[in-house]
Amino acid sequence: MKKLFLLFLVGLFTSCVSQDSKIKVLIIDGVNNHNWQKTTKATKATLLKTGRFTVDVSTSPGKKAAPAEWEKWNPDFSKYEVVVSNFNDGGKTLWSTKTQKAFESFVKNGGGFVPVHAADNSCADWVEYNKMIAIGGWGGRKAGKSGFLLRKKDGSWNKCCENSGKSGDHGPQREFLVKHDQPNHPIVKGLPTEWLHAKDELYHSLRGPAENVEVIASAFSLKGSKETEPMIMIIKYGEGTTVHLPMGHANGTSLQCVGFQTIFARSTEFAARGKVTIAIPASFPRKEKASVVDPEKLLWK
């Protein structure tokens with residue numbers, strides 16, 4: 001009996017240590033011009049299937065909810081290592097001042113942040129949020145008011161076009177080639193340096209303060225700006241790290257793209273811990289062909 005009890009204690013201890021080593025993630029949703037229910041389901045499944053994360057979801061009040069309801073919505077960000085945003089208010093910030101300040105403090109003091117797709121359309125009037133994401137689109141953003149575009153010239157990324165050009169757009173959904181600007185960065189290290197992303201909106205002409213940002217991967221906007229556009233960005237905000245992912249439309253197959261799922265999971269780990277341990281699925285796409293697998297069925301090595 002004593003031996004069985006000791007084995008039970010060892011097993012319990014091992015289980016607790018295993019859970020404690022997992023990265024605690026909070027997904028924010030509830031308002032979006034895209035199908036946030038689909039996006040939350042897919043992104044949560046992707047993270048859980050890796051075995052590296054625990055995931056909670058905080059669903060906000062609806063867009064037309066009374067201010068008093070928004071005052072009550074105060075996620076406890078301090079319980080998590082990284083926040084994933086699947087939230088887009090269309091430009092005018094709905095979060096209460098208290099919740100805004102709590103989130104600023106969370107990231108500034110070392111928290112991770114991963115805005116996915118339309119999350120960079122959100123909060124155009126929230127100065128610190130725009131610093132966290134570097135560049136965003138729509139929502140009242142415009143040239144002469146909302147900062148810079150990021151443009152690649154002679155191999156380097158630079159701010160430009162403060163007073164001219166669009167402030168968010170995309171062409172028709174299509175497959176497009178993602179190329180790694182920094183192939184040795186932990187998020188993309190070991191991956192093919194060019195891979196075909198499944199059908200998605202390729203955001204272009206995003207605008208913002210563009211401070212403390214480095215571009216890890218990009219894609220050419222053939223049906224939009226006719227420019228190379230950032231697809232993975234890392235932004236430092238205080239002690240915290242944002243990994244901004246403009247990919248990931250809810251409709252079509254982008255959330256099922258093995259390339260997107262891999263990048264999303266590894267980006268979330270990097271935003272939280274500053275390193276990447278998640279393996280690369282054998283079905284990761286190549287340059288010639290996209291790879292689509294349901295998040296709940298994707299086999300991670």
# chains A, B, ... in the order shown; residues from 1 in each chain; ligands from 1
call {"tool": "select_by_dssp", "arguments": {"residues": "region 165-265 of chain A", "states": "alpha helix (DSSP H)", "output": "ChimeraX atom specification"}}
result
/A:258-265
call {"tool": "residues_around", "arguments": {"residues": "Glu296 (chain A)", "least_positions_apart": "2", "cutoff": "12 Å", "atoms": "only C-alpha atoms", "output": "list of chain:residue names"}}
result
A:Lys41, A:Ala42, A:Thr43, A:Lys44, A:Ala45, A:Thr46, A:Leu47, A:Leu48, A:Lys49, A:Thr50, A:Gly51, A:Leu255, A:Gln256, A:Val258, A:Gln261, A:Val292, A:Val293, A:Asp294, A:Leu298, A:Leu299, A:Trp300
call {"tool": "atom_distance", "arguments": {"atom1": "CA of Ala265 (chain A)", "atom2": "CA of Leu196 (chain A)"}}
result
17.7 Å
call {"tool": "select_by_dssp", "arguments": {"residues": "region 23-208 of chain A", "states": "strand (DSSP E or B)", "output": "NGL selection string"}}
result
:A and (23-29 or 53-59 or 82-85 or 112-116 or 136 or 148-153 or 156-160 or 169-170 or 174-180 or 194-200 or 203-204 or 207-208)
call {"tool": "residues_around", "arguments": {"residues": "Trp195 (chain A)", "least_positions_apart": "3", "cutoff": "8 Å", "atoms": "only C-alpha atoms", "output": "PDB file with N, CA and C atoms, in the first residue's frame"}}
result
ATOM      1  N   LEU A 177       2.002  33.419 -51.460  1.00  0.00           N
ATOM      2  CA  LEU A 177       3.291  32.920 -51.005  1.00  0.00           C
ATOM      3  C   LEU A 177       3.818  33.769 -49.853  1.00  0.00           C
ATOM      4  N   VAL A 178       4.115  33.126 -48.736  1.00  0.00           N
ATOM      5  CA  VAL A 178       4.737  33.796 -47.593  1.00  0.00           C
ATOM      6  C   VAL A 178       6.234  33.537 -47.639  1.00  0.00           C
ATOM      7  N   LYS A 179       7.017  34.607 -47.499  1.00  0.00           N
ATOM      8  CA  LYS A 179       8.477  34.489 -47.526  1.00  0.00           C
ATOM      9  C   LYS A 179       9.043  34.986 -46.199  1.00  0.00           C
ATOM     10  N   PRO A 192      10.332  25.820 -44.085  1.00  0.00           N
ATOM     11  CA  PRO A 192      10.664  26.260 -45.439  1.00  0.00           C
ATOM     12  C   PRO A 192      10.630  27.791 -45.495  1.00  0.00           C
ATOM     13  N   GLY A 259       0.361  25.969 -42.380  1.00  0.00           N
ATOM     14  CA  GLY A 259       1.343  27.042 -42.228  1.00  0.00           C
ATOM     15  C   GLY A 259       0.892  28.067 -41.212  1.00  0.00           C
ATOM     16  N   PRO A 285       3.201  23.239 -45.287  1.00  0.00           N
ATOM     17  CA  PRO A 285       3.165  23.447 -46.737  1.00  0.00           C
ATOM     18  C   PRO A 285       4.534  23.773 -47.338  1.00  0.00           C
ATOM     19  N   ARG A 286       4.629  23.566 -48.628  1.00  0.00           N
ATOM     20  CA  ARG A 286       5.811  23.944 -49.392  1.00  0.00           C
ATOM     21  C   ARG A 286       5.447  25.075 -50.348  1.00  0.00           C
ATOM     22  N   LYS A 287       6.394  25.494 -51.104  1.00  0.00           N
ATOM     23  CA  LYS A 287       6.204  26.621 -52.017  1.00  0.00           C
ATOM     24  C   LYS A 287       5.157  26.313 -53.085  1.00  0.00           C
ATOM     25  N   GLU A 288       5.073  25.065 -53.485  1.00  0.00           N
ATOM     26  CA  GLU A 288       4.243  24.688 -54.626  1.00  0.00           C
ATOM     27  C   GLU A 288       2.790  24.405 -54.256  1.00  0.00           C
ATOM     28  N   LYS A 289       2.530  24.057 -52.981  1.00  0.00           N
ATOM     29  CA  LYS A 289       1.193  23.599 -52.636  1.00  0.00           C
ATOM     30  C   LYS A 289       0.843  23.940 -51.197  1.00  0.00           C
ATOM     31  N   ALA A 290      -0.363  24.496 -51.012  1.00  0.00           N
ATOM     32  CA  ALA A 290      -0.851  24.761 -49.659  1.00  0.00           C
ATOM     33  C   ALA A 290      -1.230  23.448 -48.973  1.00  0.00           C
TER      34      ALA A 290
END
call {"tool": "closest_residue", "arguments": {"among": "A:Thr241, A:Lys223, A:Met247, A:Gly155", "to": "Asp200 (chain A)", "atoms": "only C-alpha atoms"}}
result
A:Met247
